[in-house]
Structure formats: structure tokens, C-alpha cells
$ cat query.cif   # mmCIF, C-alpha atoms and all ligand atoms
data_final
#
loop_
_atom_site.label_atom_id
_atom_site.label_comp_id
_atom_site.auth_asym_id
_atom_site.auth_seq_id
_atom_site.Cartn_x
_atom_site.Cartn_y
_atom_site.Cartn_z
CA MET A 1 -82.60 2.48 -23.04
CA GLY A 2 -79.06 1.23 -23.46
CA TYR A 3 -78.89 -1.47 -20.80
CA HIS A 4 -75.77 -3.17 -19.48
CA PHE A 5 -75.14 -6.40 -17.60
CA THR A 6 -74.72 -4.37 -14.39
CA ASP A 7 -78.36 -3.29 -14.75
CA LEU A 8 -79.32 -6.95 -14.24
CA THR A 9 -77.26 -7.34 -11.07
CA ARG A 10 -78.54 -3.97 -9.82
CA ALA A 11 -82.17 -4.98 -10.43
CA CYS A 12 -81.63 -8.31 -8.62
CA HIS A 13 -79.23 -6.89 -6.03
CA ASP A 14 -80.32 -8.84 -2.94
CA ASP A 15 -80.47 -12.22 -4.70
CA TRP A 16 -77.17 -11.55 -6.46
CA ARG A 17 -75.37 -10.71 -3.18
CA ALA A 18 -76.98 -13.74 -1.45
CA TYR A 19 -75.49 -15.92 -4.22
CA ILE A 20 -72.01 -14.32 -4.35
CA GLU A 21 -71.64 -14.12 -0.55
CA HIS A 22 -73.35 -17.41 0.34
CA ASP A 23 -72.11 -19.29 3.46
CA PHE A 24 -70.80 -22.05 1.18
CA VAL A 25 -68.59 -19.45 -0.55
CA ARG A 26 -67.47 -17.86 2.73
CA ASN A 27 -66.53 -21.28 4.10
CA LEU A 28 -64.54 -22.01 0.93
CA GLY A 29 -62.70 -18.74 1.56
CA THR A 30 -61.90 -19.45 5.20
CA GLY A 31 -61.11 -23.09 4.38
CA THR A 32 -63.56 -24.29 7.04
CA LEU A 33 -66.13 -25.85 4.69
CA ASP A 34 -67.14 -29.35 5.74
CA ASP A 35 -65.34 -31.70 3.34
CA GLY A 36 -68.42 -33.91 2.95
CA ALA A 37 -70.36 -30.85 1.82
CA PHE A 38 -67.64 -30.02 -0.69
CA ARG A 39 -67.57 -33.59 -2.00
CA HIS A 40 -71.34 -33.56 -2.43
CA TYR A 41 -71.11 -30.25 -4.28
CA LEU A 42 -68.32 -31.56 -6.56
CA GLN A 43 -70.37 -34.62 -7.48
CA GLN A 44 -73.43 -32.59 -8.33
CA ASP A 45 -71.31 -30.06 -10.20
CA TYR A 46 -70.18 -32.86 -12.51
CA LEU A 47 -73.82 -33.43 -13.44
CA PHE A 48 -74.32 -29.68 -13.71
CA LEU A 49 -71.41 -29.36 -16.16
CA ILE A 50 -72.84 -32.04 -18.43
CA HIS A 51 -76.10 -30.09 -18.75
CA PHE A 52 -74.14 -26.84 -19.02
CA ALA A 53 -72.43 -28.33 -22.09
CA ARG A 54 -75.84 -29.25 -23.51
CA ALA A 55 -76.90 -25.62 -23.02
CA TYR A 56 -73.99 -24.51 -25.23
CA ALA A 57 -75.07 -27.03 -27.83
CA LEU A 58 -78.50 -25.40 -27.64
CA ALA A 59 -76.83 -22.01 -28.08
CA ALA A 60 -75.24 -23.34 -31.28
CA TYR A 61 -78.66 -24.49 -32.48
CA LYS A 62 -80.17 -21.10 -31.66
CA SER A 63 -77.42 -19.15 -33.46
CA ARG A 64 -78.29 -17.01 -36.45
CA THR A 65 -74.78 -15.86 -37.34
CA LEU A 66 -71.44 -17.55 -37.85
CA ALA A 67 -69.99 -15.42 -35.03
CA ASP A 68 -72.60 -16.71 -32.56
CA LEU A 69 -72.17 -20.28 -33.82
CA ARG A 70 -68.40 -20.04 -33.30
CA GLN A 71 -68.88 -18.63 -29.81
CA ALA A 72 -71.25 -21.47 -28.83
CA HIS A 73 -68.78 -23.98 -30.27
CA GLU A 74 -65.93 -22.44 -28.21
CA GLY A 75 -68.09 -22.66 -25.09
CA LEU A 76 -68.97 -26.30 -25.70
CA LYS A 77 -65.33 -27.19 -26.36
CA ALA A 78 -64.17 -25.34 -23.23
CA ILE A 79 -66.58 -27.34 -21.06
CA VAL A 80 -66.10 -30.76 -22.65
CA ASP A 81 -62.36 -30.62 -23.37
CA VAL A 82 -61.13 -28.46 -20.49
CA GLU A 83 -63.53 -27.97 -17.58
CA LEU A 84 -64.97 -31.50 -17.42
CA GLY A 85 -61.49 -33.01 -17.75
CA LEU A 86 -60.20 -30.83 -14.92
CA HIS A 87 -63.28 -31.62 -12.89
CA VAL A 88 -62.84 -35.39 -13.20
CA GLY A 89 -59.19 -35.03 -12.12
CA TYR A 90 -60.15 -32.75 -9.24
CA CYS A 91 -62.86 -35.19 -8.09
CA ARG A 92 -60.26 -37.99 -8.10
CA GLU A 93 -58.09 -35.95 -5.72
CA TRP A 94 -61.11 -35.71 -3.42
CA GLY A 95 -61.62 -39.47 -3.53
CA ILE A 96 -64.44 -39.55 -6.09
CA SER A 97 -63.80 -42.02 -8.92
CA GLU A 98 -64.99 -41.72 -12.51
CA GLU A 99 -67.19 -44.81 -12.00
CA GLN A 100 -68.87 -43.10 -9.06
CA LEU A 101 -69.44 -39.98 -11.16
CA ALA A 102 -71.06 -42.03 -13.91
CA THR A 103 -73.72 -43.44 -11.58
CA LEU A 104 -74.55 -40.47 -9.35
CA PRO A 105 -78.14 -39.77 -8.38
CA GLU A 106 -79.08 -36.26 -9.44
CA ALA A 107 -80.08 -33.84 -6.66
CA ARG A 108 -83.33 -31.94 -7.12
CA ALA A 109 -81.45 -28.63 -6.97
CA THR A 110 -79.25 -29.77 -9.88
CA MET A 111 -82.26 -30.87 -11.88
CA ALA A 112 -84.16 -27.66 -11.20
CA TYR A 113 -81.31 -25.37 -12.18
CA THR A 114 -80.05 -27.17 -15.28
CA ARG A 115 -83.49 -27.89 -16.70
CA TYR A 116 -84.54 -24.31 -16.03
CA VAL A 117 -81.64 -23.06 -18.15
CA LEU A 118 -82.41 -25.52 -20.96
CA ASP A 119 -86.12 -24.72 -20.92
CA THR A 120 -85.48 -20.97 -20.92
CA GLY A 121 -83.24 -21.39 -23.94
CA ASN A 122 -85.75 -23.59 -25.74
CA ARG A 123 -88.65 -21.26 -25.06
CA GLY A 124 -86.78 -18.05 -25.81
CA ASP A 125 -83.98 -16.83 -28.04
CA LEU A 126 -80.20 -16.77 -27.73
CA LEU A 127 -80.28 -13.75 -25.41
CA ASP A 128 -82.67 -15.50 -22.98
CA LEU A 129 -80.33 -18.46 -22.93
CA HIS A 130 -77.23 -16.33 -22.31
CA VAL A 131 -78.97 -14.43 -19.51
CA ALA A 132 -79.95 -17.76 -17.91
CA LEU A 133 -76.29 -18.88 -18.17
CA ALA A 134 -74.80 -15.59 -16.94
CA PRO A 135 -75.01 -16.35 -13.20
CA CYS A 136 -72.81 -19.42 -13.82
CA LEU A 137 -70.02 -17.90 -15.84
CA VAL A 138 -70.08 -14.35 -14.53
CA GLY A 139 -71.05 -15.36 -11.01
CA TYR A 140 -68.18 -17.80 -10.41
CA GLY A 141 -65.65 -15.30 -11.80
CA GLU A 142 -67.07 -12.63 -9.51
CA ILE A 143 -67.08 -15.02 -6.54
CA ALA A 144 -63.34 -15.73 -6.96
CA ASN A 145 -62.63 -11.99 -7.20
CA TRP A 146 -64.86 -11.21 -4.22
CA LEU A 147 -63.12 -13.87 -2.09
CA ASN A 148 -59.77 -12.31 -2.95
CA THR A 149 -60.90 -8.96 -1.54
CA GLN A 150 -62.12 -10.43 1.79
CA VAL A 151 -59.83 -10.35 4.84
CA PHE A 152 -61.14 -13.73 6.01
CA THR A 153 -59.98 -15.53 2.85
CA VAL A 154 -57.03 -17.88 3.36
CA ARG A 155 -54.88 -18.61 0.32
CA GLY A 156 -52.22 -21.25 -0.28
CA GLU A 157 -51.66 -24.61 1.36
CA ALA A 158 -53.41 -23.59 4.57
CA ASN A 159 -56.72 -23.67 2.64
CA PRO A 160 -57.81 -27.08 1.26
CA TYR A 161 -60.03 -25.21 -1.23
CA ASP A 162 -57.28 -23.00 -2.63
CA ALA A 163 -57.26 -24.84 -5.98
CA TRP A 164 -60.99 -24.19 -6.36
CA ILE A 165 -60.49 -20.43 -5.96
CA ALA A 166 -57.47 -20.58 -8.28
CA MET A 167 -59.51 -22.23 -11.04
CA TYR A 168 -62.06 -19.41 -11.14
CA GLU A 169 -59.54 -16.58 -10.76
CA SER A 170 -57.44 -18.09 -13.59
CA GLU A 171 -56.77 -15.96 -16.65
CA GLU A 172 -58.66 -18.47 -18.80
CA PHE A 173 -61.85 -18.37 -16.75
CA GLN A 174 -61.69 -14.60 -16.24
CA ALA A 175 -61.23 -14.11 -20.01
CA ALA A 176 -64.30 -16.27 -20.71
CA MET A 177 -66.24 -14.21 -18.17
CA HIS A 178 -65.20 -10.92 -19.81
CA ALA A 179 -66.08 -12.22 -23.28
CA GLU A 180 -69.53 -13.15 -21.97
CA LEU A 181 -69.95 -9.72 -20.36
CA ALA A 182 -69.00 -8.00 -23.64
CA TRP A 183 -71.49 -10.17 -25.59
CA LEU A 184 -74.27 -9.42 -23.09
CA ASP A 185 -73.53 -5.68 -23.00
CA ALA A 186 -73.69 -5.53 -26.81
CA ARG A 187 -77.08 -7.33 -26.87
CA LEU A 188 -78.58 -5.49 -23.91
CA ALA A 189 -77.74 -2.10 -25.46
CA ASP A 190 -80.83 -2.14 -27.65
CA VAL A 191 -83.53 -4.06 -25.78
CA THR A 192 -86.76 -2.30 -24.81
CA PRO A 193 -87.71 -1.72 -21.15
CA ALA A 194 -90.38 -4.45 -21.43
CA ARG A 195 -87.84 -6.93 -22.81
CA PHE A 196 -85.36 -5.94 -20.11
CA ASP A 197 -87.98 -6.79 -17.46
CA GLU A 198 -88.43 -10.25 -19.01
CA LEU A 199 -84.67 -10.80 -19.00
CA CYS A 200 -84.49 -9.60 -15.40
CA ALA A 201 -86.97 -12.30 -14.39
CA VAL A 202 -84.80 -14.95 -16.07
CA PHE A 203 -81.64 -13.59 -14.42
CA ARG A 204 -83.30 -13.50 -10.99
CA ASP A 205 -84.63 -17.08 -11.33
CA ALA A 206 -81.23 -18.42 -12.40
CA THR A 207 -79.53 -16.56 -9.54
CA ARG A 208 -81.99 -18.00 -7.01
CA LEU A 209 -81.29 -21.48 -8.42
CA GLU A 210 -77.54 -20.88 -7.92
CA ILE A 211 -78.30 -20.01 -4.27
CA ASP A 212 -80.19 -23.32 -3.96
CA PHE A 213 -77.21 -25.11 -5.50
CA TRP A 214 -74.88 -23.80 -2.75
CA GLN A 215 -77.46 -24.69 -0.12
CA MET A 216 -77.80 -28.21 -1.57
CA GLY A 217 -74.02 -28.55 -1.05
CA LEU A 218 -74.17 -27.35 2.56
CA ASP A 219 -77.16 -29.57 3.36
CA ARG A 220 -75.85 -32.52 1.28
CA SER A 221 -79.38 -32.87 0.03
CA LEU A 222 -80.57 -34.94 -2.89
C1 LIG B 1 -73.43 -24.61 -10.25
C2 LIG B 1 -72.32 -24.04 -11.02
N1 LIG B 1 -72.44 -22.76 -11.45
C3 LIG B 1 -71.43 -22.22 -12.17
C4 LIG B 1 -70.28 -22.92 -12.47
C5 LIG B 1 -69.16 -22.29 -13.24
O1 LIG B 1 -68.91 -22.91 -14.40
C6 LIG B 1 -70.21 -24.25 -12.01
N2 LIG B 1 -69.12 -25.02 -12.27
N3 LIG B 1 -71.24 -24.76 -11.28
#
$ encode --input "query.cif" --output "C-alpha cells"
Amino acid sequence: MGYHFTDLTRACHDDWRAYIEHDFVRNLGTGTLDDGAFRHYLQQDYLFLIHFARAYALAAYKSRTLADLRQAHEGLKAIVDVELGLHVGYCREWGISEEQLATLPEARATMAYTRYVLDTGNRGDLLDLHVALAPCLVGYGEIANWLNTQVFTVRGEANPYDAWIAMYESEEFQAAMHAELAWLDARLADVTPARFDELCAVFRDATRLEIDFWQMGLDRSL
């Protein structure tokens, strides 16, 4: 016993690498991603973030301690006050207006992923919910760091997606990722092997749904 977050990524190694190193991510790094694909992704990510905020509200509801309640509140505030605001501004730079965002059709991949997270949280406890959310928060932080270690990655003005990488490598986002890792490591330390297997299944499902989310962007599918 005495599990850590890294035991989840180790147990789901192939899916985790397929998510972190997806072609969508590689093309963001090289700057060669089709801009229609990126725009489609940005639009769907707006819808994703709205449900992501709802998941933090669910985390507040599922909290048993003031510390957990405060953490859920911080997460909800970060998404609503910071990330969604930045996202709307970023979409505007890519030619997507707020009116357009308000009337978007939701892609099946967005529905599947966000509703999976909410259902997992409803069915289970706070740890299930956090494990379902981990590929989002930890994954995007890891993706930015992975891109920065790859020789093919282009940074600065030569890459139209530089601001995207910068957002997820930012101190703020990386700090949120590390806080989440610390919370998960503390909770995973005393789960049983049977419980760990359950959590692994949740982590794997959420990771596979992140892979589908990238693919939805590349394919521009609804
Ligand atoms: C699909 C998806 N996963 C993770 C993040 C990171 O918050 C995001 N913005 N979108």
C-alpha cells in the first residue's frame, strides 16, 4: 500500500502517453496545427470549461471538511473568474465572438467527457471525482512541460500557438497542478489495492476521453 499519483500514470501508461503525446499536441508544438482544428477545439473547450466548473461545484457539495470545501471553492473561482475570462478573450483573438460561444452545438466528445466526470463524481466520493478530473489539470500541465523538452517545439512569435503553451506552463497553472498532485498523493497513500484498481479504471476512462477530445479537434467532429 501507499499509492501515489504516479502509480496511476504507470498503470495506464500507454493511454497516458497517447494523450500527452497526441498529434494535436505535437502540431501545437511545431506550430503546424490546422487553424480550423484549433478553432474547433477552442470552441468545444469553452463548453468543457463550463462543465469543469460544475464539477468543482460538485466537489464542494461532496466535501466533508472545511479544507476540502475551500479547495473546491478556489477551483471554481479559478475557472469562472480566471480561466473562462481568459478563454473568452483568447477565442476573440481567434475570431470567435462571445455570441458564437453562447450558441455552440456541443460535440459528442465534449458531452461524453464532461458528463463522465460529473457522473463519476455523483456516483462516487470526492476522491473518485478528483481522479476523474486529474487528467485535465495534471495532464495539461504535463503537456506544456513535455512540449518544452521536445526539440521540435517552436516557441515565440514563429508559433501561432505559443500563447496556448504559455498558459499551461504559467506559474499559476503549474501551482494548481502541484496542489492537485499533493492532494491526490495524500489521499492515495491509504487506499486499499481493490480501491486503487477502481480508481485506476476511472483514471484510464478519463484519459481515453481526453484522447478523444484531441481527436475531435483534429477531425473537427461534432
Ligand atoms: C479538454 C480539456 N482538458 C483539460 C483542460 C485544462 O484545464 C482543458 N482546458 N480542456
$ atom_distance --input "query.cif" --atom1 "CA of Gly141 (chain A)" --atom2 "CA of Arg115 (chain A)"
22.4 Å
$ residues_near_ligand --input "query.cif" --ligand "ligand LIG 1 (chain B)" --cutoff "7 Å" --atoms "all atoms listed in the file" --output "list in words"
Asp45, Phe48, Leu49, Pro135, Cys136, Leu137, Gly139, Tyr140, Glu210 and Phe213 of chain A
$ atom_distance --input "query.cif" --atom1 "CA of Leu199 (chain A)" --atom2 "CA of Met177 (chain A)"
18.8 Å
$ residues_around --input "query.cif" --residues "His40 (chain A)" --least-positions-apart "2" --cutoff "6 Å" --atoms "only C-alpha atoms" --output "ChimeraX atom specification"
/A:37-38,42-43,217,220
$ residues_around --input "query.cif" --residues "region 147-156 of chain A" --least-positions-apart "4" --cutoff "7 Å" --atoms "all atoms listed in the file" --output "list in words"
Gly29, Thr30, Gly31, Ile143 and Asp162 of chain A
$ write_last_selection --input "query.cif" --atoms "C-alpha atoms" --output "compact mmCIF listing (two decimals), in the coordinates of the input"
# COMPACT_ATOMS: atom_id res chain seq x y z
CA GLY A 29 -62.70 -18.74 1.56
CA THR A 30 -61.90 -19.45 5.20
CA GLY A 31 -61.11 -23.09 4.38
CA ILE A 143 -67.08 -15.02 -6.54
CA ASP A 162 -57.28 -23.00 -2.63
$ closest_residue --input "query.cif" --among "A:Arg108, A:His130, A:His87, A:Arg26" --to "Tyr56 (chain A)" --atoms "only C-alpha atoms"
A:His130
$ atom_distance --input "query.cif" --atom1 "CA of Leu101 (chain A)" --atom2 "CA of Leu86 (chain A)"
13.5 Å
$ closest_residue --input "query.cif" --among "A:Leu47, A:Ala179, A:Ala67, A:Ala132" --to "Ala109 (chain A)" --atoms "only C-alpha atoms"
A:Leu47
$ closest_residue --input "query.cif" --among "A:Lys77, A:Arg70, A:Gly2, A:Thr9" --to "Asp190 (chain A)" --atoms "all atoms listed in the file"
A:Gly2
$ closest_residue --input "query.cif" --among "A:Ala144, A:Ala60, A:Ala11, A:Leu127" --to "Ala189 (chain A)" --atoms "only C-alpha atoms"
A:Leu127
$ closest_residue --input "query.cif" --among "A:Leu188, A:Ala107, A:Leu76, A:Leu181" --to "Tyr46 (chain A)" --atoms "all atoms listed in the file"
A:Ala107
$ closest_residue --input "query.cif" --among "A:Thr192, A:Ser97, A:Gln215, A:Thr120" --to "Val25 (chain A)" --atoms "only C-alpha atoms"
A:Gln215
$ residues_around --input "query.cif" --residues "Gly124 (chain A)" --least-positions-apart "3" --cutoff "12 Å" --atoms "all atoms listed in the file" --output "list in words"
Leu58, Ala59, Lys62, Tyr116, Val117, Leu118, Asp119, Thr120, Gly121, Leu127, Asp128, Leu129, His130, Val131, Ala132, Arg195, Glu198, Leu199 and Val202 of chain A
$ residues_around --input "query.cif" --residues "Arg187 (chain A)" --least-positions-apart "3" --cutoff "9 Å" --atoms "only C-alpha atoms" --output "compact mmCIF listing (two decimals) with C-alpha atoms, in the frame of the given file"
# COMPACT_ATOMS: atom_id res chain seq x y z
CA TYR A 3 -78.89 -1.47 -20.80
CA HIS A 4 -75.77 -3.17 -19.48
CA LEU A 127 -80.28 -13.75 -25.41
CA ALA A 182 -69.00 -8.00 -23.64
CA TRP A 183 -71.49 -10.17 -25.59
CA LEU A 184 -74.27 -9.42 -23.09
CA ASP A 190 -80.83 -2.14 -27.65
CA VAL A 191 -83.53 -4.06 -25.78
$ residues_around --input "query.cif" --residues "Gly75 (chain A)" --least-positions-apart "3" --cutoff "9 Å" --atoms "only C-alpha atoms" --output "list in words"
Ala53, Tyr56, Ala57, Arg70, Gln71, Ala72, Ala78, Ile79, Val80 and Ala176 of chain A
